[in-house]
Every structure is written in structure tokens, then in C-alpha cells.
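See below for final-v1.txt, which holds compact mmCIF, C-alpha atoms.
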# COMPACT_ATOMS: atom_id res chain seq x y z
CA MET A 392 19.50 -0.95 -15.72
CA THR A 393 22.14 0.85 -13.71
CA ARG A 394 21.20 3.24 -10.94
CA THR A 395 22.64 6.07 -13.01
CA ASN A 396 20.35 5.31 -15.93
CA ARG A 397 17.38 4.87 -13.62
CA LEU A 398 18.02 8.26 -12.08
CA LEU A 399 18.38 9.85 -15.52
CA LEU A 400 15.11 8.23 -16.58
CA ASP A 401 13.37 9.59 -13.48
CA VAL A 402 14.77 13.07 -14.09
CA GLY A 403 13.51 12.85 -17.67
CA ILE A 404 10.04 11.96 -16.45
CA LEU A 405 10.02 14.81 -13.95
CA VAL A 406 11.18 17.36 -16.52
CA GLY A 407 8.65 16.05 -19.01
CA LEU A 408 5.83 16.34 -16.50
CA ILE A 409 6.73 19.90 -15.62
CA VAL A 410 6.96 20.93 -19.27
CA ALA A 411 3.70 19.18 -20.12
CA PHE A 412 1.91 20.82 -17.21
CA PHE A 413 2.23 24.28 -18.73
CA PRO A 414 0.78 24.08 -22.25
CA ALA A 415 0.08 27.78 -22.22
CA GLY A 416 3.80 28.38 -22.11
CA THR A 417 4.91 25.75 -24.59
CA GLY A 418 2.02 25.58 -27.00
CA ILE A 419 -0.29 22.67 -27.64
CA SER A 420 2.04 20.86 -30.04
CA VAL A 421 4.93 20.68 -27.58
CA HIS A 422 2.48 19.85 -24.79
CA GLU A 423 1.06 16.85 -26.62
CA TRP A 424 4.31 15.37 -27.93
CA VAL A 425 6.18 15.88 -24.66
CA SER A 426 3.28 14.24 -22.84
CA VAL A 427 3.51 11.16 -25.05
CA ALA A 428 7.28 10.96 -24.60
CA THR A 429 6.90 11.33 -20.84
CA PHE A 430 4.26 8.63 -20.78
CA VAL A 431 6.60 6.23 -22.58
CA MET A 432 9.35 7.00 -20.07
CA ALA A 433 6.89 6.39 -17.23
CA LEU A 434 6.01 3.01 -18.73
CA VAL A 435 9.69 2.08 -18.84
CA HIS A 436 9.96 3.19 -15.21
CA LEU A 437 7.05 0.91 -14.33
CA VAL A 438 8.43 -2.05 -16.28
CA ILE A 439 11.72 -1.74 -14.41
CA ASN A 440 9.93 -1.72 -11.06
CA TRP A 441 7.20 -4.21 -11.95
CA ASP A 442 8.77 -7.04 -9.94
CA TRP A 443 8.60 -4.88 -6.81
CA VAL A 444 4.98 -4.02 -7.58
CA MET A 445 4.00 -7.67 -7.91
CA ARG A 446 6.00 -8.72 -4.85
CA THR A 447 4.48 -6.01 -2.70
CA ALA A 448 0.97 -6.44 -4.07
CA ALA A 449 1.09 -10.12 -3.17
CA ARG A 450 1.77 -9.18 0.43
CA ILE A 451 -0.46 -6.13 0.72
CA LEU A 452 -3.11 -7.99 2.68
CA GLY A 453 -0.60 -9.85 4.79
CA LYS A 454 2.30 -8.83 6.94
CA LEU A 455 3.82 -5.76 5.37
CA ARG A 456 5.36 -2.62 6.78
CA ALA A 457 3.58 0.68 6.39
CA ALA A 458 6.14 2.22 4.01
CA PRO A 459 5.83 -0.24 1.12
CA ARG A 460 2.09 -0.44 1.66
CA ILE A 461 1.76 3.35 1.33
CA ASN A 462 4.16 3.31 -1.62
CA LEU A 463 2.05 0.77 -3.46
CA ILE A 464 -1.21 2.60 -2.82
CA VAL A 465 0.24 5.92 -3.98
CA ASP A 466 1.75 4.26 -7.04
CA ALA A 467 -1.53 2.56 -7.92
CA VAL A 468 -3.48 5.81 -7.73
CA LEU A 469 -0.74 7.57 -9.68
CA PHE A 470 -0.97 4.87 -12.36
CA VAL A 471 -4.73 5.33 -12.72
CA ALA A 472 -4.33 9.11 -12.81
CA THR A 473 -1.64 8.79 -15.47
CA ILE A 474 -3.79 6.57 -17.66
CA THR A 475 -6.69 8.95 -17.15
CA VAL A 476 -4.69 12.00 -18.18
CA MET A 477 -3.46 10.20 -21.30
CA VAL A 478 -6.88 8.86 -22.32
CA SER A 479 -8.54 12.23 -21.74
CA GLY A 480 -5.62 13.91 -23.47
CA MET A 481 -6.23 11.85 -26.58
CA MET A 482 -9.91 12.69 -26.39
CA VAL A 483 -9.17 16.43 -26.50
CA SER A 484 -6.07 16.15 -28.67
CA GLN A 485 -5.61 18.67 -31.43
CA VAL A 486 -2.14 18.08 -32.84
CA ILE A 487 -1.58 14.34 -32.48
CA ALA A 488 -5.12 13.47 -33.50
CA ARG A 489 -4.74 15.63 -36.59
CA THR A 490 -1.39 13.99 -37.35
CA LEU A 491 -3.02 10.58 -37.12
CA GLY A 492 -5.85 11.74 -39.34
CA VAL A 493 -8.37 11.30 -36.56
CA THR A 494 -11.21 13.75 -36.10
CA VAL A 495 -11.72 14.45 -32.42
CA THR A 496 -14.85 16.03 -31.08
CA PRO A 497 -13.79 17.98 -28.03
CA ASP A 498 -16.06 17.46 -25.10
CA TYR A 499 -16.32 19.48 -21.94
CA VAL A 500 -16.31 16.39 -19.73
CA TRP A 501 -13.06 15.16 -21.25
CA HIS A 502 -11.52 18.62 -20.82
CA VAL A 503 -12.44 18.64 -17.15
CA THR A 504 -11.23 15.06 -16.74
CA HIS A 505 -7.95 15.98 -18.39
CA SER A 506 -7.51 18.99 -16.15
CA VAL A 507 -8.34 17.22 -12.89
CA SER A 508 -6.25 14.13 -13.68
CA ALA A 509 -3.28 16.29 -14.73
CA LYS A 510 -3.33 18.04 -11.37
CA ALA A 511 -3.66 14.68 -9.63
CA VAL A 512 -0.64 13.33 -11.50
CA MET A 513 1.46 16.30 -10.44
CA ALA A 514 0.38 16.04 -6.80
CA LEU A 515 0.89 12.29 -6.64
CA THR A 516 4.25 12.58 -8.36
CA ALA A 517 5.33 14.97 -5.63
CA VAL A 518 4.25 12.42 -3.02
CA HIS A 519 6.00 9.64 -4.97
CA LEU A 520 9.19 11.70 -5.02
CA GLY A 521 8.92 12.36 -1.31
CA LEU A 522 8.49 8.67 -0.51
CA HIS A 523 11.61 7.82 -2.52
CA TRP A 524 13.65 10.83 -1.52
CA ASP A 525 16.25 8.77 0.34
CA TRP A 526 17.06 6.78 -2.80
CA ILE A 527 17.16 9.94 -4.91
CA ALA A 528 19.48 11.72 -2.48
CA VAL A 529 21.85 8.78 -2.01
CA THR A 530 21.98 7.98 -5.72
CA THR A 531 22.60 11.60 -6.62
CA ARG A 532 25.38 11.82 -4.06
CA GLY A 533 26.82 8.63 -5.52
CA LEU A 534 26.83 10.07 -9.00
CA ILE A 535 28.51 13.22 -7.78
CA ALA A 536 31.11 11.17 -5.91
CA LYS A 537 31.70 9.12 -9.05
CA ALA A 538 32.07 12.20 -11.20
CA PHE A 539 34.35 13.88 -8.69
CA PRO A 540 36.17 11.05 -6.91
CA ALA A 541 37.69 11.92 -3.56
CA ASN A 542 41.45 11.53 -3.50
CA ASP A 543 42.16 13.11 -0.17
CA GLY A 544 41.31 10.19 2.02
CA ALA A 545 37.61 10.96 2.22
CA LEU A 546 35.16 8.09 2.31
CA ALA A 547 34.38 6.73 -1.12
CA PHE A 548 30.81 6.22 -2.24
CA VAL A 549 29.39 2.85 -1.29
CA PRO A 550 26.68 1.52 -3.60
CA ILE A 551 23.38 0.84 -1.95
CA GLU A 552 20.83 -1.86 -2.50
CA ASN A 553 17.18 -2.05 -1.69
CA ASP A 554 15.64 -4.75 0.44
CA GLU A 555 12.67 -6.84 -0.56
CA ASP A 556 10.25 -4.20 0.65
CA GLY A 557 11.76 -1.63 -1.63
CA ARG A 558 13.47 0.23 1.19
CA TYR A 559 16.89 1.49 0.34
CA LEU A 560 19.58 0.41 2.73
CA MET B 1209 10.52 -15.41 -21.92
CA PRO B 1210 13.01 -12.85 -20.62
CA ARG B 1211 11.80 -11.12 -17.49
CA ILE B 1212 11.85 -7.66 -19.01
CA PHE B 1213 9.53 -8.71 -21.84
CA GLU B 1214 7.22 -10.44 -19.43
CA ASN B 1215 7.04 -7.29 -17.33
CA THR B 1216 6.46 -5.17 -20.42
CA VAL B 1217 3.54 -7.31 -21.47
CA MET B 1218 2.06 -7.10 -17.99
CA VAL B 1219 2.44 -3.31 -17.84
CA LEU B 1220 0.88 -2.84 -21.27
CA ALA B 1221 -1.97 -5.13 -20.31
CA ALA B 1222 -2.54 -3.14 -17.12
CA CYS B 1223 -2.54 0.07 -19.17
CA ALA B 1224 -5.07 -1.32 -21.64
CA VAL B 1225 -7.44 -2.56 -18.96
CA THR B 1226 -7.21 0.70 -17.03
CA ALA B 1227 -7.65 2.79 -20.17
CA VAL B 1228 -10.80 0.90 -21.11
CA ALA B 1229 -12.15 1.33 -17.57
CA VAL B 1230 -11.38 5.06 -17.56
CA PHE B 1231 -12.91 5.54 -20.98
CA GLY B 1232 -16.04 3.69 -19.94
CA ALA B 1233 -16.38 5.56 -16.67
CA VAL B 1234 -15.89 9.03 -18.14
CA SER B 1235 -18.06 8.30 -21.16
CA ALA B 1236 -20.85 7.33 -18.81
CA ILE B 1237 -20.96 10.83 -17.37
CA PRO B 1238 -24.00 12.57 -18.83
CA THR B 1239 -22.57 15.23 -21.07
CA SER B 1240 -25.81 17.11 -21.35
CA ALA B 1241 -25.29 18.31 -17.81
CA VAL B 1242 -22.15 20.18 -18.68
CA THR B 1243 -22.17 20.85 -22.39
CA VAL B 1244 -25.50 22.49 -22.80
CA ALA B 1245 -24.88 25.51 -24.91
CA ASP B 1246 -26.89 28.65 -24.68
CA ALA B 1247 -28.60 28.56 -28.05
CA SER B 1248 -30.21 31.89 -27.37
CA ALA B 1249 -26.89 33.68 -27.69
CA THR B 1250 -26.45 35.51 -30.93
CA THR B 1251 -22.88 36.63 -30.79
CA ASP B 1252 -20.85 35.89 -33.89
CA THR B 1253 -17.55 35.69 -32.13
CA LEU B 1254 -16.51 32.78 -30.04
CA THR B 1255 -14.34 34.31 -27.41
CA CYS B 1256 -11.66 32.78 -25.33
CA PRO B 1257 -13.07 33.19 -21.84
CA ALA B 1258 -9.80 33.68 -20.04
CA THR B 1259 -6.56 35.46 -20.66
CA GLY B 1260 -3.85 33.14 -21.81
CA CYS B 1261 -6.07 30.40 -23.12
CA SER B 1262 -4.04 27.83 -24.95
CA ALA B 1263 -6.90 26.58 -27.04
CA VAL B 1264 -10.51 27.10 -27.86
CA SER B 1265 -12.39 24.06 -28.97
CA CYS B 1266 -15.85 23.91 -30.40
CA HIS B 1267 -18.32 21.28 -31.36
CA ALA B 1268 -21.82 21.22 -32.63
CA THR B 1269 -24.81 19.80 -30.91
CA SER B 1270 -27.72 18.29 -32.64
CA GLY B 1271 -30.79 17.73 -30.60
CA GLY B 1272 -28.76 18.04 -27.45
CA THR B 1273 -26.25 15.42 -28.46
CA ALA B 1274 -22.73 16.27 -29.45
CA THR B 1275 -21.97 15.24 -33.00
CA THR B 1276 -18.85 15.27 -35.08
CA GLY B 1277 -17.24 18.62 -35.07
CA THR B 1278 -14.21 20.65 -35.78
CA THR B 1279 -11.53 21.99 -33.59
CA SER B 1280 -9.70 25.22 -33.88
CA SER B 1281 -7.39 27.02 -31.60
CA GLY B 1282 -6.90 30.48 -30.27
CA THR B 1283 -4.24 31.78 -28.02
CA THR B 1284 -5.46 35.03 -26.61
CA SER B 1285 -8.46 36.35 -24.87
CA GLY B 1286 -11.15 37.26 -27.30
CA ASP B 1287 -9.85 35.13 -30.14
CA GLY B 1288 -12.46 34.62 -32.77
CA GLU B 1289 -13.11 31.18 -34.12
CA LEU B 1290 -14.51 30.14 -37.45
CA GLN B 1291 -16.52 27.00 -37.08
CA THR B 1292 -18.27 24.83 -39.59
CA CYS B 1293 -21.43 22.99 -38.82
CA PRO B 1294 -20.39 19.35 -39.05
CA ALA B 1295 -23.78 17.88 -39.71
CA THR B 1296 -27.15 18.74 -41.01
CA GLY B 1297 -29.50 19.91 -38.37
CA CYS B 1298 -27.08 21.35 -35.87
CA THR B 1299 -28.96 23.20 -33.20
CA SER B 1300 -26.09 24.97 -31.55
CA TYR B 1301 -22.37 25.17 -31.15
CA GLY B 1302 -20.74 24.68 -27.81
CA CYS B 1303 -17.28 26.01 -27.22
CA HIS B 1304 -14.89 25.94 -24.36
CA ALA B 1305 -11.36 27.03 -23.71
CA THR B 1306 -8.40 25.31 -22.27
CA ASP B 1307 -6.57 27.65 -19.96
CA GLY B 1308 -3.13 26.23 -19.67
CA GLY B 1309 -3.51 22.91 -17.96
CA GLY B 1310 -6.75 24.11 -16.52
CA SER B 1311 -10.26 23.17 -17.15
CA GLY B 1312 -12.46 24.22 -19.98
CA HIS B 1313 -14.88 26.93 -19.08
CA GLY B 1314 -16.80 29.65 -20.68
CA LYS B 1315 -19.03 27.89 -23.10
CA ARG B 1316 -20.22 30.03 -25.95
CA ALA B 1317 -23.06 29.27 -28.20
CA ARG B 1318 -24.26 30.17 -31.63
CA THR B 1319 -27.64 30.55 -33.08
CA PRO B 1320 -29.06 27.32 -34.45
CA SER B 1321 -27.80 26.28 -37.83
CA THR B 1322 -29.67 23.89 -40.02
CA LEU B 1323 -27.32 23.64 -42.94
CA ASP B 1324 -24.50 21.22 -43.26
CA GLY B 1325 -21.33 23.13 -43.87
CA SER B 1326 -22.66 26.46 -42.72
CA SER B 1327 -20.16 28.54 -40.89
CA ILE B 1328 -20.07 31.04 -38.14

Take the structure I supplied and represent it as C-alpha cells, if you would.
Amino acid sequence: MTRTNRLLLDVGILVGLIVAFFPAGTGISVHEWVSVATFVMALVHLVINWDWVMRTAARILGKLRAAPRINLIVDAVLFVATITVMVSGMMVSQVIARTLGVTVTPDYVWHVTHSVSAKAVMALTAVHLGLHWDWIAVTTRGLIAKAFPANDGALAFVPIENDEDGRYL
Amino acid sequence: MPRIFENTVMVLAACAVTAVAVFGAVSAIPTSAVTVADASATTDTLTCPATGCSAVSCHATSGGTATTGTTSSGTTSGDGELQTCPATGCTSYGCHATDGGGSGHGKRARTPSTLDGSSI
């Protein structure tokens, strides 16, 4: 997947998370369906980066710099929080459950779990964004440079690559 | 097997394992500690406990254990909810509201109902 598509996917996830985080403003139906769509995008994001996850996880107990180690820990907690918010979301679902013909018995514990895990996902996503801000900034600048190519002698955009620790060069 | 499919299988497997673990862990939390409804309440209206609630959900309890129930929604403070007793021998109804992405609070209870299909 090209960097452009990866950035668009990430933007889609971020927008989806923000929309899903305010069900009072969108209504339950939009909240539930946007959440599912965002979850699917997040899975694609994870599939794309799974090789890095495995590579880093294999070295987590060995010699590894702090940055990828912190990245992996944050990502792992974010993954668990994401699964938790989706599982609890299904357990308190009103629209999707009804669409699937499933009768859901709302439970206070699942409501609280859904609420806490949703806040955790938002907080951890902010940390995740911060840890990858260099890539986001450089890629965004690259897209802008590609859309508006310099023809006045200015430096052209140079594609970047990431090293084996996931750091962007 | 192409790498992308292999990764997809691994991610889905990780999701399934984690989902089962989460479900087991949360289900193990004793619900009686947080869903006990005040059966002594006699109000007929289930009220949304906070302004801007996005939903009010109710379920029936039978002998202290949550049973199958119905869900309805309300969008404003004070919304009334019509609930149907989902099983014979319901002892109370417990309701809570979802305030935006927030937690459910403000449980409301109904007087005990002993008839299947009885409504509030």
C-alpha cells in the first residue's frame, strides 16, 4: 500500500473515532455503524503493520531501542482497548443487534466497560499519533509537495523509508 | 500463502482470542454489585438521569439475576420508557442511561412485576 493510501486510511480511522466518540451528537445508529467501519479500517491498519509488530515483538526482551519498545507497548494496550470497546459495544448495541435479529440485554457493567474502554482508546490513539508524528508530518508534506510541485528551483520531496525498528528516516 | 493473507489471519486470530478474554473477564464481574435496582421505588416513569442522554436501556431482574429484556431509547432528560417484563416472575426493572460516550448511571427501578408481558 502506498504511503498516500496509508495516510488516507489513518485519517479515516481518526475521523471515525472522533465521530464515534460523540453518540449524543450523531445518534446511536450513526455511532454504531461508524464504529464498525472504523474498527474494520483499524484492522486493515494492523494487517499492514503486522510484520513490524512481529519483528519488534520478537526483540522486545532483547536489544531494542526505547522508541519501538514504547510503540509496541502502547499499540498492544490500544489493541486490547479497541477489542474491549467493540465487544462491550456489541453487548450494549441497540441498532446493529436489532438489525441482526439479536436480543441484547443491556447490562450496567458492559455500559461502564464500554465507556471506560472508549476513553482509553481515544487517549491511547492520541499517544499513538504523537509517537508517529514525524511520519505523519513528513508524509503530509510529501503529499502537499506532490499535489503542488515546486517549479522554482525549490527542493523536491524525497520519499522516506522506515528502518527495521519502525523509525522513519 | 501471500503475506497479506497470512497477516490477516494472524490479526483476526489475535482479535478472536482477545475478544474471548475480554468477554470472559468482564462477564466475571459480579453484576449484582452494580445493577441492583431499588425495587422499593414506585415511580411509573423511567427517567433519563442526565441531560442529553443518548439512550436509556432497561432490563428486568428476576431474583437478583438479570434476565432477557427489552431495550428502548430516549434522547432527552426525563424521557419516559415503556418496558415489558420479559419473563415470568420479574422482581424489578433496572434502567440506566448512556450519556454520550459516558457511562450508564442513574438506575431506576419499578415495583415488582410477576406477570410475563406486563408493562410499565

| 10 Å contacts from chain A to chain B using all atoms listed in the file, as a PyMOL selection string | chain A and resi 411-419+422+434-435+437-442+445+470-479+482-485+489+494-507+509-510

| In Å to one decimal, how far is atom CA of Val518 of chain A from atom CA of Met432 of chain A? | 18.6 Å

| Interatomic distance between atom CA of Thr429 of chain A and atom CA of Val486 of chain A? |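 Atom CA of Thr429 of chain A sits 16.5 Å away from atom CA of Val486 of chain A.
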
| field | Point-to-point distance in Å for atom CA of Arg460 of chain A and atom CA of His436 of chain A | value | 19.0 Å

| said: With all atoms listed in the file as the counted atoms, please give the residues lying no more than 8 Å from Leu463 of chain A, apart from itself and same-chain residues fewer than 5 positions off, as a list in words. | reply: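 With the cut-off at 8 Å, the set is Val444, Thr447 and Ala448 of chain A.
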
Using the selection just defined, write its residues with C-alpha atoms as a PDB file, keeping the file's coordinate frame.
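Saved file again.pdb follows:
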ATOM      1  CA  VAL A 444       4.980  -4.020  -7.580  1.00  0.00           C
ATOM      2  CA  THR A 447       4.480  -6.010  -2.700  1.00  0.00           C
ATOM      3  CA  ALA A 448       0.970  -6.440  -4.070  1.00  0.00           C
TER       4      ALA A 448
END
